[in-house]
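Have a look at the structure below before the remarks.
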Amino acid sequence: MTDIQYVAPSTLDEAVGAYAAAKGAARILAGGTDLLVQMRAGMVKPGLIVDIKKVAELSAIEKTPEGGFRIGAAVSGAVLEEHPTFGKVWPGVLEGLNLIGSTQVQGRASAGGNLCNGSPAADSIPGLVAAGAIATVQGPNGRRNIPVEQVPTGPGKTSLAPGEILVSFTLPPRPAHSSDAYLRMIPRTEMDIAVVGCAVSLTMDGDTCTAARVSLGAVAPTVLLVEDAAKALVLTKLDDASLDKAAAACSAACNPIDDKRGTIAYRTKVAGVLLKRTTAIAAERAKGG
Amino acid sequence: MATVSMTVNGKSVSGEVEPRTLLVQFIREQLHLTGTHVGCDTSQCGACVVHVNGDSVKSCTMLAVQADGSDVTTIEGLANGDTLHPMQEAFRDNHGLQCGFCTPGMVMSAVDLLKKNPKPSEGEIREWLEGNICRCTGYHNIVKAVQQAAQA
Amino acid sequence: MDGGRKDAGTRVRGGVHSAERHDSAHKHVTGAADYIDDMVEPVGTLHAYLGLSEAAHAEIVSIDLTAVRSAPGVVDVLTAADIPAVNDVSPVHAHDDPVFAEDKVMFWGQPVFAVIAESRLQARHAATLARIDYRPLDAAIDIDAAMAAGGDLVTKPLKLERGSVDKALAEAPNRIIGNMEIGGQDHFYLEGHIAFAIPGEDETVTIHSSTQHPSEAQTLVAQVLGVAANAISVQVRRMGGGFGGKESQPALFAAVAALAAKRLNRPVKIRPDRDDDMIATGKRHDFKVAYDVGFDDEGRILGVEGTYAARCGFSADLSGPVTDRALFHADNAYYFPHVRLKSLPLKTNTVSNTAFRGFGGPQGVVGAERIVEEIAYALGKDPLEIRKANFYGPPGRDVTPYHQTVTDSILDRLVSELEISSDYQARREAILDFNRQGGVIRKGIALTPVKFGISFTATWFNQAGALLHVYKDGSIHLNHGGTEMGQGLFTKVAQIVADCFQVDLDRIRVSATSTEKVPNTSATAASSGSDLNGMAAQNAAEQIKQRLVAFASEKWSVSAEEVTFGPGGVCVGSKTVPFDVLVAEAYMARVHLSAAGFYKTPDIHWDREAGKGRPFYYFAYGAAVSEVSIDTLTGEYRVERTDILHDVGKSLNPAIDKGQVEGGFVQGVGWLTTEELWWDDKGRLRTHAPSTYKIPLASDRPRIFNVALAEWSENKERTIRRSKAVGEPPLMLGISVLEAISMAVASVADYRECPRLDTPATPERVLMAVERLRAHGGAEA
C-alpha cells in the first residue's frame, strides 16, 4: 500500500499548487461521497488528497455584478438550500443538487464533485447546463471559463487540464418571468442517480415562451444540451404540437448505454415524457415569477 | 500518519491515523465505540451515521483527518447517563427495530431531523430517512417512533 | 405496549401472549448490542480477505500469488492446496461446493484464495494483487442458456402428481398456456457475512459466526479441517439480519477463518465488503414457470400442469429443497383437481442460489396467482372471485398436489373479514370508475391470500433442544438451538419459560447459541424457530418444574396437585413460597436444577419418491389488499394503501409478530417490484451495492398501512401455546402489490388481456407492459 498524504489548504493558490505538483497522483476531496468509496474499492490510489473544503472561494455563494450568482464548486446542496434567494431564482438547479444521494450525503455532496466525477447521470449537472452556467477553473496557467456542458467529455472524463481545479459556477442574471425545473426518472424515489434526468430553463412573455434551454442527463456518454428541443419550444405557447416536437427532439438525442439502470428503449421513451413534464413545471413557475 | 484531536461524546480524544482512515474506522477501531456500524462500505446504508458539529454525517464518507477539531456525537453519547434520549426511548418502545444493526444510525439520523424540523409530517420523516436502510421492519414502526419522539 | 407490566401480581411480566419488547431493544438503541465485528479483538488478531475469480466458467491455467504474499502486512495466503482434509462446504454433502476453486472456476466471484494480513485493509488490498490466468469455457448464465446447453441439473428434480391431468386439460372448456419469469433477490442483511475464529488447545477452535445454522457450520468446518465435531465450537449471540442468507452460506467464511486460525495459531476474522458479499454469496432463486391450466366458465380450476425451472447456480446448495418447496406452494390456497408439477433445478455458471425467506415457496405462490389472473382476465371477472371459487374446501376439494389433506383452512373467514374491513368492493368500483376516465395515472387494487406449509420438508430437521439452568439465587439461564437474527426468537422463548415458572421475564437471561450447549441443532429457518425451540425450552422448564413440585409436596406434605406456580410465588397448599426461596431450599435438598429439553414435531412424514405424505404439520394463512397508482407514461408506481389480516394462531407476542408481518410484506414488495439482479453477458453481477440494487426505503412504505392479526385464530395442532410460525408467510402478502399493479396495467386494454407482468415489475417492465397491451389494440374504455 502506498502512503497517502492529506492537505487541507486555505487558499486556492495553495490548493492548485499542491494539486498540480502531485502530477496526477492527487485527488480533490470535496464532499468525499465518490472519492472515499473509490479509494476503498481500490479503484483509485491517490498519493495526495487535497481537501478543498477550507478554501473560502470554493464554499462561497455570491451575487455577480451583473446580477447573477456565483457558487463555489464545493458548495453542498444543504448549504445552497438555506440561501435566501437562490432557490427562488433557480429552483431547478437546486432540485438537481438536492437529489445527489440521501440527506447525510447531501450535506456534503457538491455540484463541483458531481461534475468532476464525470458521470453522465450526475443529477446536479442538467440543471446547470440548462441554466447556461459557466464553470471557472484554475490551474498552474491561471484561470479560464468554460460552459458547464463542455466540462465532461465521457464517463469519468473531463476537459480539465492536468492540475486544474474547478473553482465555481456562474449563473447568468435572470430576466423577469424566467424559471427552471429538473425531473428525473429512477426506479425508486431517492438514493440513486437518474435513469433519465431532464432540466428545462424558460423565459415566458405571457403565454409565449421567449427563451429556452433543455438538458438531458443519463441518456448519452455525457450530459447533453438539446438545442433542437429548445428551438421547438421558443416562440410557441408551449402547445401540444410544440411539446411533441420538443419531446421527439429529446428522444432523438438519446444515445444511451444499455446498462443495468434501464434499457435504451425505456430511456428514449421516458426522455420525451420528462421533457413535457419538466417544461410544464418550469413554465408554471416562470409565469408565477 | 497524522494526529487528530476531536471531542467525542463530550470527551477530548486524539489519535494517530493514516490520512486514508475513515472517521468510522477511527471511531470503531481506535475509540472502540462499536455502536456505530458499517453496513454497506459505500456511503449508502446509513448504519454509520454520527453527528459532526451537530449535523448527521455518514461517518464512512468522511476522513478522520477531516473531523480534526470537530465535536462528534455517536450513539453511545446520546443518552444522558441512564436516561435515554427521547428518540432512543421511542425506538425501543415502538418496536422500531428488529435485528438492530441499522438502529444506531437510524436513531442518530432521526435526532438530527427533529433538531432541524421539530414537527415533521409523516412524509417528511420518510423522506429524511431515505438515507438509512432497514431490511427488517418495513419502516412502519420506525416512522411511528420518530412521530412519538416528535411529540415528546 | 407491555401488556403484562401494569398488573403485577395477577400476571407475570412478560409471559406468553404479551407484547413484550425485543430483549435487546435497549442495547440496540444505545449501541451496546455486540455483533461479531464489535467484539473486542484479542491481541494478535489477523484479518482474512477472499480473492475472487474473474471468469464465469474457466480452467485455471496458473495462479501467481507472489505479489499477494509480498504485500505489506501479509502473513499467509491460503489456496485449495492448503486445506487439510476435504475442500467442500456443501450443506447437503454433494461435494460440489469447494471452499477454494481448484482447477476450474464455476462462477464470476468464486473464492480462489484467501489472504491473511495484520489489518483488514492490508488483506483487502493484497487480495487484488493476484495474477490468475484462465482458459474460458462455455458459460450458461441464465435459465434459457442452461436449457439451451442441455439442461444440466444440480440435484434431482421433483414431480408431484394427482389425478388425470392430461385428460382434465384436454376436456376443459377453457385452457390457457403461458410463461412467467420471477426474479431472484439479494438478502441484503444489514450485517454482512462475518466469522471470527479463535484457536484453542489441541485441535479445538471456537468460531463466532453470523450464522442461522451453527451446527452445520460446525460439521462443515470439522470436515474441512479433518477433525471431529467435538473440536469445533460455533457461537452466535445475534445476527444483523439473516433472511435465509445465513443458513448455508456462513460455512465458507467460518471454514476460512478456522483454517487460518489453526494454521497460524492466532485469532482470525473475515468480513467481506458489501460488494463482495453480494457477488460471492447465494441469493433467492429466479424461476421460469411454464403453466397450462384448464378451467370452467365459472373460473373453477379443473387441471394444472406446470414446470418450475430455477437458476440454481453452480452447485446444489439447498436448491433441492428450495425447488421442492416451490412445487409445494404452486397451488397457494387453491384446489387443483388434477395436477402435475415438475421442478427443474438448473445448473448455471452463477453464484449458487440458496435459502431466502419462503425458500422457493413464494415463487410457487406467485405462479399460482398468475394462473388466477389468467382465468380472471379470460372470463372478465374480478380475480378475487376466481380466488374464492378455488379455495381449498370441504372433503372432495381438500387434497393438495402432494396428497396432504388441508384440514385447517381459515381463508374463507379471513378473506371475507379483510374484504369488509378494507372496503374492498367499494374501492374496486371507485377504481374502475377512476380508470374509465382514461387518464395518465391508473389505479389497481388486489386482494391476495397466502397459505404456507410449516415444517422442514426434510423431516429429521424438525427437532430441537434447549438447556435450562435455575441457579440457587433463583435466576434462570436459558439456551436453545435457535438463533436470533432480529426476529425476536430469544424474547419469545424466554416468555414461554417465564410463563412456565410464572416468573417475571427479567429473571431469565438468554445466552448465545452455542454448539457446546445444545448439540445437533437445525437451522433457524423454515419459520420454525419458536415452534421447535419454544417447545424444547418448555420441555426443559417442565422437567425442572416437576422436580420442584415433587420436592415441595414432600417437604410441606401436600399433594402434587396442591403445588402451583403463580405470579406471586409458588402456592404450596395454603402457603405461598417465593420462587427464589423454593429454589434455594430445593438446592439445599440436592434437587437437580438443570434440564435439557427436547422436541420433535409429531405426525409428519414425506416420501419424496412417491410425492406423497404429510410434509407440513399445519398451514399458516394471511391475506392482503393493496391499492396502487401507476404512471402509464413512465411506468412509475406507488403503493397508496395496504390492509393486512394475518394468521399467527394465538400469538406468543403480538408486537413482535406484527413486526414480522410488516417487515415481511415490505421485503416481499421489494422482491416483486424494485429489487433487480442483473448479470452481464460475462456472468458478472452488476447490481452489487445499494446504489444499483434497490431495496425498499422508508418512502416506499404504503401511504396507508393497516396491519392486523387474526386474533380469533388458534392453531388446531398442539403447537407451542397454539401459536403459528410467522417468519416467512407474510413475505407473500407483497404479491397483492404486484397484482394491483397488474390490474392498473390491464386497465389500458379494458381488462380484456392478462398483462402477464413478470417480476420484478420495475417501472420499465410496467411501461413496456402498458405499451404491449395498448399495441394489442386495447381500445380505451
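Identifiers in the C-alpha cells: chain A, B, ... in order shown; residue index from 1 per chain; ligand index from 1 in order shown.
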Which chain B residues are at most 6 Å from chain C (counting only C-alpha atoms), as a PDB file with N, CA and C atoms, in the first residue's frame?
```pdb
ATOM      1  N   THR B  34     -18.256   0.861  19.286  1.00  0.00           N
ATOM      2  CA  THR B  34     -18.693  -0.033  18.211  1.00  0.00           C
ATOM      3  C   THR B  34     -20.192   0.023  17.954  1.00  0.00           C
ATOM      4  N   GLY B  35     -20.870   0.961  18.596  1.00  0.00           N
ATOM      5  CA  GLY B  35     -22.296   1.120  18.309  1.00  0.00           C
ATOM      6  C   GLY B  35     -22.539   1.695  16.921  1.00  0.00           C
ATOM      7  N   GLY B  39     -22.375  -0.912   7.341  1.00  0.00           N
ATOM      8  CA  GLY B  39     -23.319  -1.803   6.679  1.00  0.00           C
ATOM      9  C   GLY B  39     -23.026  -2.048   5.216  1.00  0.00           C
ATOM     10  N   CYS B  40     -22.627  -0.985   4.490  1.00  0.00           N
ATOM     11  CA  CYS B  40     -22.516  -1.158   3.029  1.00  0.00           C
ATOM     12  C   CYS B  40     -21.154  -0.798   2.487  1.00  0.00           C
ATOM     13  N   ILE B  75     -23.781   7.166  18.879  1.00  0.00           N
ATOM     14  CA  ILE B  75     -24.958   6.622  19.570  1.00  0.00           C
ATOM     15  C   ILE B  75     -24.676   6.433  21.063  1.00  0.00           C
ATOM     16  N   GLU B  76     -23.425   6.140  21.395  1.00  0.00           N
ATOM     17  CA  GLU B  76     -23.086   5.921  22.809  1.00  0.00           C
ATOM     18  C   GLU B  76     -23.181   7.212  23.617  1.00  0.00           C
ATOM     19  N   GLN B  88     -34.308   7.492  21.508  1.00  0.00           N
ATOM     20  CA  GLN B  88     -33.955   6.107  21.840  1.00  0.00           C
ATOM     21  C   GLN B  88     -35.134   5.397  22.496  1.00  0.00           C
ATOM     22  N   ARG B  92     -37.260   2.118  21.118  1.00  0.00           N
ATOM     23  CA  ARG B  92     -37.367   0.938  21.963  1.00  0.00           C
ATOM     24  C   ARG B  92     -38.839   0.598  22.221  1.00  0.00           C
ATOM     25  N   GLN B  98     -35.574  -4.489  14.708  1.00  0.00           N
ATOM     26  CA  GLN B  98     -35.593  -5.953  14.815  1.00  0.00           C
ATOM     27  C   GLN B  98     -34.165  -6.441  15.018  1.00  0.00           C
ATOM     28  N   CYS B  99     -33.402  -6.560  13.919  1.00  0.00           N
ATOM     29  CA  CYS B  99     -32.040  -7.064  14.125  1.00  0.00           C
ATOM     30  C   CYS B  99     -31.166  -6.021  14.801  1.00  0.00           C
ATOM     31  N   GLY B 100     -31.549  -4.754  14.698  1.00  0.00           N
ATOM     32  CA  GLY B 100     -30.856  -3.712  15.444  1.00  0.00           C
ATOM     33  C   GLY B 100     -29.631  -3.133  14.784  1.00  0.00           C
ATOM     34  N   PHE B 101     -29.223  -3.708  13.648  1.00  0.00           N
ATOM     35  CA  PHE B 101     -27.966  -3.259  13.052  1.00  0.00           C
ATOM     36  C   PHE B 101     -28.072  -1.841  12.502  1.00  0.00           C
ATOM     37  N   PRO B 104     -28.658   2.224  15.443  1.00  0.00           N
ATOM     38  CA  PRO B 104     -27.897   3.409  15.884  1.00  0.00           C
ATOM     39  C   PRO B 104     -27.877   4.518  14.835  1.00  0.00           C
ATOM     40  N   ARG B 126     -40.376  10.130   6.329  1.00  0.00           N
ATOM     41  CA  ARG B 126     -39.977   9.103   5.352  1.00  0.00           C
ATOM     42  C   ARG B 126     -38.876   9.611   4.446  1.00  0.00           C
ATOM     43  N   GLU B 127     -39.035  10.855   3.982  1.00  0.00           N
ATOM     44  CA  GLU B 127     -38.072  11.398   3.036  1.00  0.00           C
ATOM     45  C   GLU B 127     -36.701  11.561   3.693  1.00  0.00           C
ATOM     46  N   GLU B 130     -34.576   8.415   4.038  1.00  0.00           N
ATOM     47  CA  GLU B 130     -34.227   7.655   2.837  1.00  0.00           C
ATOM     48  C   GLU B 130     -32.760   7.254   2.789  1.00  0.00           C
ATOM     49  N   CYS B 136     -35.396  -5.092   7.957  1.00  0.00           N
ATOM     50  CA  CYS B 136     -36.248  -5.962   8.773  1.00  0.00           C
ATOM     51  C   CYS B 136     -37.661  -5.432   8.960  1.00  0.00           C
ATOM     52  N   THR B 137     -37.783  -4.164   9.319  1.00  0.00           N
ATOM     53  CA  THR B 137     -39.050  -3.701   9.897  1.00  0.00           C
ATOM     54  C   THR B 137     -40.077  -3.242   8.883  1.00  0.00           C
ATOM     55  N   GLY B 138     -39.650  -2.946   7.659  1.00  0.00           N
ATOM     56  CA  GLY B 138     -40.584  -2.324   6.724  1.00  0.00           C
ATOM     57  C   GLY B 138     -40.850  -0.865   7.083  1.00  0.00           C
ATOM     58  N   TYR B 139     -40.074  -0.329   8.026  1.00  0.00           N
ATOM     59  CA  TYR B 139     -40.078   1.103   8.399  1.00  0.00           C
ATOM     60  C   TYR B 139     -41.322   1.568   9.164  1.00  0.00           C
TER      61      TYR B 139
END
```
Residues of chain B were defined as contacting chain A if any atom lay at most 9 Å from it, counting only C-alpha atoms; please report them as an mmCIF file with N, CA and C atoms, in the first residue's frame.
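Contents of out.cif, freshly written:
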```cif
data_model
loop_
_atom_site.group_PDB
_atom_site.id
_atom_site.type_symbol
_atom_site.label_atom_id
_atom_site.label_comp_id
_atom_site.auth_asym_id
_atom_site.auth_seq_id
_atom_site.Cartn_x
_atom_site.Cartn_y
_atom_site.Cartn_z
ATOM 1 N N MET B 1 1.447 9.166 8.815
ATOM 2 C CA MET B 1 0.476 9.244 9.908
ATOM 3 C C MET B 1 0.218 10.701 10.285
ATOM 4 N N ALA B 2 -0.976 10.943 10.741
ATOM 5 C CA ALA B 2 -1.337 12.298 11.164
ATOM 6 C C ALA B 2 -1.995 12.206 12.540
ATOM 7 N N GLU B 18 -3.791 7.172 9.722
ATOM 8 C CA GLU B 18 -3.346 7.382 8.346
ATOM 9 C C GLU B 18 -4.317 8.363 7.716
ATOM 10 N N PRO B 19 -3.851 9.141 6.736
ATOM 11 C CA PRO B 19 -4.780 10.073 6.088
ATOM 12 C C PRO B 19 -5.986 9.362 5.487
ATOM 13 N N ARG B 20 -5.812 8.098 5.065
ATOM 14 C CA ARG B 20 -6.926 7.395 4.431
ATOM 15 C C ARG B 20 -7.959 6.882 5.428
ATOM 16 N N LEU B 22 -10.940 6.343 7.627
ATOM 17 C CA LEU B 22 -12.265 6.957 7.663
ATOM 18 C C LEU B 22 -12.643 7.277 9.096
ATOM 19 N N ASP B 41 -20.325 -0.159 3.265
ATOM 20 C CA ASP B 41 -18.982 0.259 2.848
ATOM 21 C C ASP B 41 -19.008 1.304 1.731
ATOM 22 N N THR B 42 -20.179 1.773 1.308
ATOM 23 C CA THR B 42 -20.214 2.679 0.156
ATOM 24 C C THR B 42 -21.111 3.895 0.385
ATOM 25 N N SER B 43 -21.222 4.342 1.589
ATOM 26 C CA SER B 43 -21.906 5.612 1.874
ATOM 27 C C SER B 43 -23.385 5.614 1.538
ATOM 28 N N GLN B 44 -24.040 4.495 1.649
ATOM 29 C CA GLN B 44 -25.436 4.470 1.253
ATOM 30 C C GLN B 44 -26.395 4.001 2.327
ATOM 31 N N GLY B 46 -26.400 4.056 5.711
ATOM 32 C CA GLY B 46 -26.694 4.912 6.862
ATOM 33 C C GLY B 46 -26.465 4.274 8.226
ATOM 34 N N VAL B 49 -24.179 6.505 10.656
ATOM 35 C CA VAL B 49 -24.442 7.931 10.877
ATOM 36 C C VAL B 49 -24.055 8.359 12.302
ATOM 37 N N ASP B 55 -24.439 18.057 13.019
ATOM 38 C CA ASP B 55 -25.153 17.578 11.838
ATOM 39 C C ASP B 55 -24.907 16.091 11.628
ATOM 40 N N SER B 56 -25.938 15.401 11.148
ATOM 41 C CA SER B 56 -25.746 13.975 10.886
ATOM 42 C C SER B 56 -24.882 13.787 9.649
ATOM 43 N N VAL B 57 -23.958 12.858 9.761
ATOM 44 C CA VAL B 57 -22.997 12.588 8.688
ATOM 45 C C VAL B 57 -22.798 11.078 8.620
ATOM 46 N N LYS B 58 -22.710 10.551 7.419
ATOM 47 C CA LYS B 58 -22.318 9.145 7.285
ATOM 48 C C LYS B 58 -20.822 9.081 7.531
ATOM 49 N N CYS B 60 -18.666 7.047 7.099
ATOM 50 C CA CYS B 60 -17.784 6.422 6.109
ATOM 51 C C CYS B 60 -17.587 7.323 4.895
ATOM 52 N N THR B 61 -18.204 8.532 4.910
ATOM 53 C CA THR B 61 -17.946 9.461 3.803
ATOM 54 C C THR B 61 -17.004 10.573 4.248
ATOM 55 N N MET B 62 -16.365 10.357 5.363
ATOM 56 C CA MET B 62 -15.523 11.411 5.906
ATOM 57 C C MET B 62 -14.227 10.801 6.429
ATOM 58 N N LEU B 63 -13.128 11.459 6.150
ATOM 59 C CA LEU B 63 -11.853 11.001 6.703
ATOM 60 C C LEU B 63 -11.733 11.468 8.150
ATOM 61 N N VAL B 65 -9.167 12.662 9.431
ATOM 62 C CA VAL B 65 -8.437 13.942 9.453
ATOM 63 C C VAL B 65 -9.354 15.122 9.166
ATOM 64 N N GLN B 66 -10.421 14.879 8.419
ATOM 65 C CA GLN B 66 -11.361 15.970 8.150
ATOM 66 C C GLN B 66 -12.140 16.352 9.406
ATOM 67 N N SER B 109 -29.805 9.724 12.873
ATOM 68 C CA SER B 109 -30.361 10.473 11.765
ATOM 69 C C SER B 109 -31.683 11.137 12.176
ATOM 70 N N GLU B 127 -39.035 10.855 3.982
ATOM 71 C CA GLU B 127 -38.072 11.398 3.036
ATOM 72 C C GLU B 127 -36.701 11.561 3.693
ATOM 73 N N TRP B 128 -36.714 12.051 4.914
ATOM 74 C CA TRP B 128 -35.451 12.259 5.625
ATOM 75 C C TRP B 128 -34.726 10.930 5.816
ATOM 76 N N LEU B 129 -35.485 9.887 6.113
ATOM 77 C CA LEU B 129 -34.863 8.602 6.439
ATOM 78 C C LEU B 129 -34.467 7.794 5.209
ATOM 79 N N GLU B 130 -34.576 8.415 4.038
ATOM 80 C CA GLU B 130 -34.227 7.655 2.837
ATOM 81 C C GLU B 130 -32.760 7.254 2.789
ATOM 82 N N GLY B 131 -31.933 7.942 3.546
ATOM 83 C CA GLY B 131 -30.521 7.565 3.565
ATOM 84 C C GLY B 131 -30.199 6.493 4.585
ATOM 85 N N ASN B 132 -31.215 5.944 5.215
ATOM 86 C CA ASN B 132 -30.990 4.900 6.210
ATOM 87 C C ASN B 132 -31.781 3.658 5.823
#
```
Select all residues from chain C having any atom no more than 10 Å from an atom of chain A (counting only C-alpha atoms, ignoring ligands), output as a VMD selection string. chain C and resid 71 to 73 121 to 122 124 to 126 128 273 275 633 to 638 673 to 680 685 to 687 690 to 697 699 to 700 762 to 765 767 to 768
Which of range 633-662 of chain C fall in strand (DSSP E or B), as a compact mmCIF listing (two decimals) with C-alpha atoms, in the first residue's frame:
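Dumped everything to selection.txt:
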```txt
# COMPACT_ATOMS: atom_id res chain seq x y z
CA TYR C 637 -45.92 3.41 -9.37
CA ARG C 638 -46.69 3.95 -5.77
CA VAL C 639 -48.49 1.93 -3.12
CA GLU C 640 -51.35 4.03 -1.82
CA ARG C 641 -52.72 1.70 0.78
CA THR C 642 -52.28 -1.79 2.14
CA ASP C 643 -54.51 -3.66 4.57
CA ILE C 644 -53.32 -6.95 6.01
CA LEU C 645 -55.03 -9.59 8.10
CA HIS C 646 -52.60 -12.30 9.07
CA GLY C 649 -52.55 -18.59 15.62
```
Take CA of Ala25 in chain A and CA of Val75 in chain A and report the distance between them in Å, one decimal.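 These atoms are spaced 24.3 Å apart.
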For Asn332 in chain C, work out the shell of residues within 8 Å, counting only C-alpha atoms and skipping chain neighbours fewer than 5 positions away, then give it as a PDB file with N, CA and C atoms, in the first residue's frame.
```pdb
ATOM      1  N   GLY C 364     -43.493 -20.289  -6.027  1.00  0.00           N
ATOM      2  CA  GLY C 364     -44.644 -21.132  -6.349  1.00  0.00           C
ATOM      3  C   GLY C 364     -45.940 -20.357  -6.225  1.00  0.00           C
ATOM      4  N   VAL C 365     -46.053 -19.582  -5.150  1.00  0.00           N
ATOM      5  CA  VAL C 365     -47.286 -18.834  -4.894  1.00  0.00           C
ATOM      6  C   VAL C 365     -47.518 -17.770  -5.973  1.00  0.00           C
ATOM      7  N   ALA C 368     -49.013 -19.358  -8.892  1.00  0.00           N
ATOM      8  CA  ALA C 368     -50.442 -19.662  -8.698  1.00  0.00           C
ATOM      9  C   ALA C 368     -51.290 -18.417  -8.919  1.00  0.00           C
ATOM     10  N   GLU C 369     -50.791 -17.279  -8.445  1.00  0.00           N
ATOM     11  CA  GLU C 369     -51.566 -16.041  -8.601  1.00  0.00           C
ATOM     12  C   GLU C 369     -51.593 -15.589 -10.055  1.00  0.00           C
ATOM     13  N   VAL C 450     -52.486 -15.986   1.213  1.00  0.00           N
ATOM     14  CA  VAL C 450     -51.354 -16.895   1.273  1.00  0.00           C
ATOM     15  C   VAL C 450     -51.684 -18.048   2.220  1.00  0.00           C
ATOM     16  N   LYS C 451     -51.275 -19.203   1.771  1.00  0.00           N
ATOM     17  CA  LYS C 451     -51.323 -20.401   2.643  1.00  0.00           C
ATOM     18  C   LYS C 451     -49.920 -20.965   2.607  1.00  0.00           C
ATOM     19  N   PHE C 452     -49.304 -21.140   3.760  1.00  0.00           N
ATOM     20  CA  PHE C 452     -47.900 -21.548   3.758  1.00  0.00           C
ATOM     21  C   PHE C 452     -47.699 -22.756   4.671  1.00  0.00           C
TER      22      PHE C 452
END
```
I want to know what sits within 10 Å of range 82-88 of chain A, based on only C-alpha atoms, with residues of the same chain fewer than 4 positions away left out; could you give that as a ChimeraX atom specification? /A:61-63,68-69,71,77-78,92-95,179-180,285,289
Which residues are near range 745-755 of chain C? Cut-off 10 Å, only C-alpha atoms, ignore same chain within fewer than 5 positions. Put them as a PyMOL selection string. chain C and resi 370-371+373-382+431-432+435-436+438-440+442-444+629-632+635+739-740+766-781
What lies within 12 Å of Pro120 in chain B using only C-alpha atoms, ignoring chain neighbours under 2 positions off, as a PyMOL selection string? chain B and resi 110-118+122-129+143-144+146-151
Need the shell around Val226 in chain A: protein/DNA/RNA residues with any atom at most 12 Å away, counting only C-alpha atoms. Skip same-chain ones fewer than 4 positions apart. Format as a PyMOL selection string? chain A and resi 126+129-130+149+198-201+212-217+219-220+222+230-233+246-254+271-272+275
One number please: CA of Gly611 in chain C to CA of Tyr402 in chain C, in Å, one decimal. 5.7 Å
I need the residues in range 105-247 of chain A that are helix (DSSP H, G or I) according to DSSP; give them as a PyMOL selection string. chain A and resi 105-106+111-116+125-131+148-150+227-233+240-247
Could you state the separation of CA of Met535 in chain C and CA of Gly569 in chain C in Å, given to one decimal place? 23.5 Å
Selected residue of minimal separation from Pro9 in chain A among A:Val55, A:Ala133, A:Leu235, A:Ile146, counting only C-alpha atoms: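 Of A:Val55, A:Ala133, A:Leu235, A:Ile146, the one nearest Pro9 in chain A, counting only C-alpha atoms, is A:Val55.
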